[in-house]
file run-v4.txt (compact mmCIF, C-alpha atoms)
# COMPACT_ATOMS: atom_id res chain seq x y z
CA MET K 1 12.64 -21.04 -26.77
CA SER K 2 10.70 -17.95 -25.78
CA PHE K 3 7.45 -16.20 -26.61
CA THR K 4 6.40 -16.26 -30.25
CA ALA K 5 5.67 -13.02 -32.11
CA GLU K 6 1.96 -13.88 -31.91
CA GLU K 7 2.19 -14.40 -28.13
CA ILE K 8 4.04 -11.10 -27.65
CA GLU K 9 1.36 -9.31 -29.70
CA TYR K 10 -1.34 -10.90 -27.54
CA LEU K 11 0.45 -9.98 -24.27
CA ARG K 12 0.80 -6.37 -25.39
CA SER K 13 -2.89 -6.21 -26.36
CA GLN K 14 -4.19 -7.13 -22.91
CA PRO K 15 -4.61 -4.58 -20.10
CA LEU K 16 -4.92 -6.94 -17.11
CA ALA K 17 -3.20 -9.95 -15.61
CA ARG K 18 -3.74 -12.02 -12.50
CA PHE K 19 -0.60 -11.92 -10.35
CA ALA K 20 0.12 -14.65 -7.78
CA THR K 21 2.63 -14.40 -4.93
CA LEU K 22 3.36 -16.35 -1.76
CA SER K 23 3.55 -14.87 1.72
CA GLY K 24 6.37 -15.75 4.10
CA ASP K 25 4.17 -18.44 5.69
CA GLY K 26 3.26 -19.94 2.27
CA GLN K 27 -0.21 -18.40 1.87
CA PRO K 28 -0.92 -17.87 -1.86
CA ASP K 29 -2.39 -14.54 -2.92
CA VAL K 30 -3.67 -13.59 -6.36
CA VAL K 31 -4.77 -10.13 -7.50
CA PRO K 32 -5.72 -8.50 -10.79
CA VAL K 33 -3.09 -6.00 -11.93
CA SER K 34 -2.26 -3.79 -14.86
CA PHE K 35 1.04 -4.84 -16.40
CA GLU K 36 3.53 -4.14 -19.13
CA PHE K 37 5.56 -6.59 -21.16
CA ASP K 38 8.68 -5.14 -22.79
CA GLY K 39 9.65 -8.30 -24.70
CA THR K 40 11.90 -9.52 -21.87
CA TYR K 41 10.27 -8.61 -18.56
CA PHE K 42 6.80 -8.16 -17.14
CA TRP K 43 6.41 -5.00 -15.04
CA ILE K 44 3.87 -4.49 -12.25
CA GLY K 45 3.87 -1.36 -10.17
CA GLY K 46 2.33 1.69 -8.72
CA SER K 47 2.96 5.23 -7.67
CA GLY K 48 3.19 6.66 -4.19
CA ARG K 49 4.47 5.16 -0.98
CA SER K 50 1.29 3.10 -0.40
CA VAL K 51 2.35 0.60 -3.10
CA PHE K 52 4.93 -0.77 -0.65
CA ARG K 53 2.14 -1.69 1.78
CA THR K 54 0.27 -3.84 -0.74
CA ARG K 55 0.30 -7.59 -0.18
CA LYS K 56 1.75 -8.22 -3.64
CA PHE K 57 4.76 -5.99 -2.91
CA ARG K 58 5.26 -7.34 0.62
CA ASN K 59 5.08 -10.95 -0.62
CA ALA K 60 7.30 -10.38 -3.67
CA THR K 61 10.01 -8.66 -1.61
CA SER K 62 9.92 -11.00 1.41
CA GLY K 63 12.46 -13.49 0.08
CA ASN K 64 10.31 -15.81 -2.02
CA ASN K 65 10.90 -14.61 -5.56
CA ARG K 66 8.73 -17.21 -7.34
CA VAL K 67 5.54 -15.74 -8.85
CA ALA K 68 2.93 -16.54 -11.48
CA LEU K 69 0.92 -14.46 -13.96
CA VAL K 70 -2.11 -15.34 -16.05
CA VAL K 71 -3.11 -13.13 -18.97
CA ASP K 72 -6.37 -14.33 -20.51
CA ASP K 73 -9.64 -13.25 -22.01
CA MET K 74 -12.95 -14.62 -23.27
CA VAL K 75 -13.43 -13.64 -26.90
CA SER K 76 -16.88 -15.24 -27.09
CA PHE K 77 -19.19 -17.65 -25.27
CA ASP K 78 -21.06 -18.68 -28.44
CA PRO K 79 -19.01 -20.02 -30.02
CA PHE K 80 -16.78 -20.64 -27.00
CA ILE K 81 -13.46 -18.87 -27.59
CA ALA K 82 -10.95 -18.47 -24.75
CA ARG K 83 -7.28 -17.61 -25.01
CA GLY K 84 -4.44 -16.89 -22.67
CA ILE K 85 -0.90 -17.28 -21.40
CA ARG K 86 0.21 -18.56 -17.98
CA VAL K 87 3.70 -17.55 -16.85
CA TYR K 88 5.90 -18.73 -14.00
CA GLY K 89 8.76 -16.42 -13.20
CA LYS K 90 11.14 -14.82 -10.76
CA VAL K 91 10.54 -11.35 -9.40
CA ASP K 92 12.92 -8.67 -8.25
CA GLY K 93 12.58 -5.07 -7.23
CA PRO K 94 11.20 -2.68 -6.43
CA ILE K 95 12.75 -0.71 -9.27
CA GLU K 96 12.02 2.98 -9.77
CA ARG K 97 10.87 3.66 -13.33
CA VAL K 98 8.21 5.33 -15.41
CA GLY K 99 5.69 2.75 -16.55
CA ILE K 100 2.08 2.07 -17.37
CA VAL K 101 0.78 3.75 -14.20
CA GLY K 102 3.32 6.58 -14.29
CA PRO K 103 6.51 7.06 -12.29
CA GLY K 104 6.90 4.81 -9.28
CA ALA K 105 8.08 1.52 -7.88
CA TYR K 106 7.75 -1.54 -10.09
CA LEU K 107 8.30 -5.26 -9.67
CA ARG K 108 10.21 -6.84 -12.56
CA ILE K 109 9.30 -10.42 -13.49
CA ALA K 110 11.62 -12.56 -15.58
CA PRO K 111 9.62 -15.44 -17.11
CA THR K 112 11.05 -18.93 -16.60
CA ILE K 113 8.31 -21.08 -18.17
CA SER K 114 5.04 -20.33 -19.94
CA TRP K 115 2.03 -22.05 -21.43
CA ALA K 116 0.01 -20.35 -24.17
CA TRP K 117 -3.29 -21.45 -25.63
CA ASN K 118 -5.32 -20.19 -28.56
CA VAL K 119 -3.75 -16.74 -28.83
CA ALA K 120 -5.07 -16.65 -32.43
CA GLY K 121 -8.61 -16.73 -31.01
CA GLY K 122 -10.23 -19.71 -32.76
CA PRO K 123 -13.30 -21.61 -31.53
CA VAL K 124 -12.68 -24.62 -29.29
CA GLY K 125 -13.79 -27.31 -31.77
CA GLU K 126 -13.93 -31.03 -30.89
CA SER K 127 -11.27 -30.98 -28.16
CA TRP K 128 -9.82 -28.44 -25.73
CA TYR K 129 -7.11 -26.06 -26.90
CA PRO K 130 -3.60 -27.50 -26.86
CA ALA K 131 -1.08 -25.46 -24.88
CA ARG K 132 2.35 -24.45 -26.17
CA ARG K 133 4.92 -24.81 -23.39
CA ALA K 134 8.05 -22.64 -23.56
CA LEU K 135 11.14 -22.44 -21.40
CA HIS K 136 12.65 -18.97 -21.04
CA LYS K 137 16.31 -18.20 -20.52
CA ALA K 138 17.27 -15.73 -17.86
CA PRO K 139 18.09 -12.35 -19.40
CA GLY K 140 21.81 -12.19 -20.06
CA GLY K 141 22.07 -15.94 -19.49

call {"tool": "encode", "arguments": {"input": "run-v4.txt", "output": "C-alpha cells"}}
result
Amino acid sequence: MSFTAEEIEYLRSQPLARFATLSGDGQPDVVPVSFEFDGTYFWIGGSGRSVFRTRKFRNATSGNNRVALVVDDMVSFDPFIARGIRVYGKVDGPIERVGIVGPGAYLRIAPTISWAWNVAGGPVGESWYPARRALHKAPGG
C-alpha cells in the first residue's frame, strides 16, 4: 500500500510541512519547512553552507534517521474543514540537487507509514474524520 492518487495530489498542492527530528540526546524538534514530494521521496533542503548548521540538518545527520512530517491545512472554520497527512519516515542525506529552493543540499525522506484524513476536503459531520493508514515499502524493496 502507498499514497493514493488523491493523497499525492494533496501533497503536491501544499507548500509547507512541519518536520520533526530528534537530537542526539533525544530532544524532539519540529520546524515548518517547504518541501517537495516526487511520488517516492519527500525532499527538504536549502542553499548555501548555512543549511548544514540548522538544527534539522544536524539532527537528521547525527545518526538517528527516524523523522516525521505533517502536511495539513484548514479549509474552513465554518463549517469546520481540516485535512492532512502525517508521515513517519527515514531520512538520509544531505544530497546535492536542484529542488524547490534552488540548488543545494537536501534531506531525502522515505516514508514508512502514513495517516491521511479528509484530503477531499469535506465538512466534519457527526464524528471526527477517519484516518487512512498506509504502510510504505522502501524504494527498491

call {"tool": "residues_around", "arguments": {"input": "run-v4.txt", "residues": "range 104-119 of chain K", "least_positions_apart": "5", "cutoff": "6 Å", "atoms": "all atoms listed in the file", "output": "PyMOL selection string"}}
result
chain K and resi 41-47+83-97+131-136

call {"tool": "atom_distance", "arguments": {"input": "run-v4.txt", "atom1": "CA of Ser76 in chain K", "atom2": "CA of Ala20 in chain K"}}
result
25.7 Å

call {"tool": "closest_residue", "arguments": {"input": "run-v4.txt", "among": "K:Val33, K:Val51, K:Ala120, K:Val98", "to": "Val75 in chain K", "atoms": "only C-alpha atoms"}}
result
K:Ala120

call {"tool": "closest_residue", "arguments": {"input": "run-v4.txt", "among": "K:Pro103, K:Ala5, K:Phe19, K:Phe80", "to": "Glu126 in chain K", "atoms": "all atoms listed in the file"}}
result
K:Phe80

call {"tool": "residues_near_point", "arguments": {"input": "run-v4.txt", "point": "(-5.7, -9.9, -26.5)", "cutoff": "10 Å", "atoms": "all atoms listed in the file", "output": "VMD selection string"}}
result
chain K and resid 7 to 16 71 to 75 83 to 84 119 to 121

call {"tool": "closest_residue", "arguments": {"input": "run-v4.txt", "among": "K:Gly26, K:Pro79, K:Gly39, K:Gly63", "to": "Val124 in chain K", "atoms": "only C-alpha atoms"}}
result
K:Pro79

call {"tool": "closest_residue", "arguments": {"input": "run-v4.txt", "among": "K:Thr21, K:Asn59, K:Thr40, K:Asn65", "to": "Ala138 in chain K", "atoms": "all atoms listed in the file"}}
result
K:Thr40

call {"tool": "closest_residue", "arguments": {"input": "run-v4.txt", "among": "K:Gly102, K:Ala82, K:Glu36, K:Glu6", "to": "Trp128 in chain K", "atoms": "all atoms listed in the file"}}
result
K:Ala82

call {"tool": "residues_around", "arguments": {"input": "run-v4.txt", "residues": "Leu22 in chain K", "least_positions_apart": "2", "cutoff": "9 Å", "atoms": "all atoms listed in the file", "output": "list in words"}}
result
Ala20, Gly24, Asp25, Gly26, Gln27, Pro28, Asp29, Val30, Lys56, Asn59, Ala60, Asn64, Asn65, Arg66 and Val67 of chain K

call {"tool": "closest_residue", "arguments": {"input": "run-v4.txt", "among": "K:Phe37, K:Phe52, K:Ser2, K:Ala68", "to": "Arg18 in chain K", "atoms": "all atoms listed in the file"}}
result
K:Ala68

call {"tool": "atom_distance", "arguments": {"input": "run-v4.txt", "atom1": "CA of Gly125 in chain K", "atom2": "CA of Phe77 in chain K"}}
result
12.8 Å

call {"tool": "decode", "arguments": {"input": "run-v4.txt", "residues": "range 109-127 of chain K", "atoms": "N, CA and C atoms", "output": "CSV table (one decimal), in the first residue's frame"}}
result
chain,number,residue,atom,x,y,z
K,109,ILE,N,13.6,11.9,2.4
K,109,ILE,CA,12.8,11.2,3.4
K,109,ILE,C,12.0,10.1,2.7
K,110,ALA,N,12.3,8.9,3.0
K,110,ALA,CA,11.5,7.7,2.5
K,110,ALA,C,10.4,7.4,3.5
K,111,PRO,N,9.1,7.6,3.1
K,111,PRO,CA,8.0,7.3,4.0
K,111,PRO,C,8.0,5.8,4.4
K,112,THR,N,7.6,5.5,5.7
K,112,THR,CA,7.5,4.2,6.1
K,112,THR,C,6.0,3.9,6.5
K,113,ILE,N,5.3,4.9,7.0
K,113,ILE,CA,3.9,4.7,7.4
K,113,ILE,C,3.3,6.1,7.3
K,114,SER,N,2.0,6.2,7.0
K,114,SER,CA,1.3,7.4,6.9
K,114,SER,C,-0.1,7.3,7.3
K,115,TRP,N,-0.7,8.4,7.7
K,115,TRP,CA,-2.1,8.5,8.1
K,115,TRP,C,-2.7,9.7,7.4
K,116,ALA,N,-3.7,9.6,6.6
K,116,ALA,CA,-4.3,10.7,5.9
K,116,ALA,C,-5.7,10.8,6.3
K,117,TRP,N,-6.2,12.1,6.4
K,117,TRP,CA,-7.6,12.3,6.8
K,117,TRP,C,-8.1,13.5,5.9
K,118,ASN,N,-9.3,13.2,5.4
K,118,ASN,CA,-10.1,14.2,4.7
K,118,ASN,C,-9.4,15.0,3.6
K,119,VAL,N,-8.6,14.3,2.8
K,119,VAL,CA,-7.9,15.0,1.7
K,119,VAL,C,-8.9,15.6,0.7
K,120,ALA,N,-10.1,15.0,0.6
K,120,ALA,CA,-11.1,15.5,-0.3
K,120,ALA,C,-11.7,16.9,0.2
K,121,GLY,N,-11.5,17.2,1.5
K,121,GLY,CA,-11.9,18.5,2.0
K,121,GLY,C,-13.4,18.6,2.4
K,122,GLY,N,-14.0,17.6,2.9
K,122,GLY,CA,-15.4,17.7,3.3
K,122,GLY,C,-15.6,18.1,4.7
K,123,PRO,N,-16.8,18.7,5.1
K,123,PRO,CA,-17.0,19.1,6.5
K,123,PRO,C,-17.0,17.9,7.4
K,124,VAL,N,-16.7,18.2,8.7
K,124,VAL,CA,-16.5,17.1,9.7
K,124,VAL,C,-17.7,16.3,9.9
K,125,GLY,N,-18.9,16.8,9.9
K,125,GLY,CA,-20.1,16.0,10.1
K,125,GLY,C,-20.3,15.6,11.6
K,126,GLU,N,-20.9,14.4,11.8
K,126,GLU,CA,-21.3,14.0,13.2
K,126,GLU,C,-20.1,13.4,14.0
K,127,SER,N,-19.1,12.9,13.3
K,127,SER,CA,-18.0,12.4,14.0
K,127,SER,C,-16.7,12.9,13.3
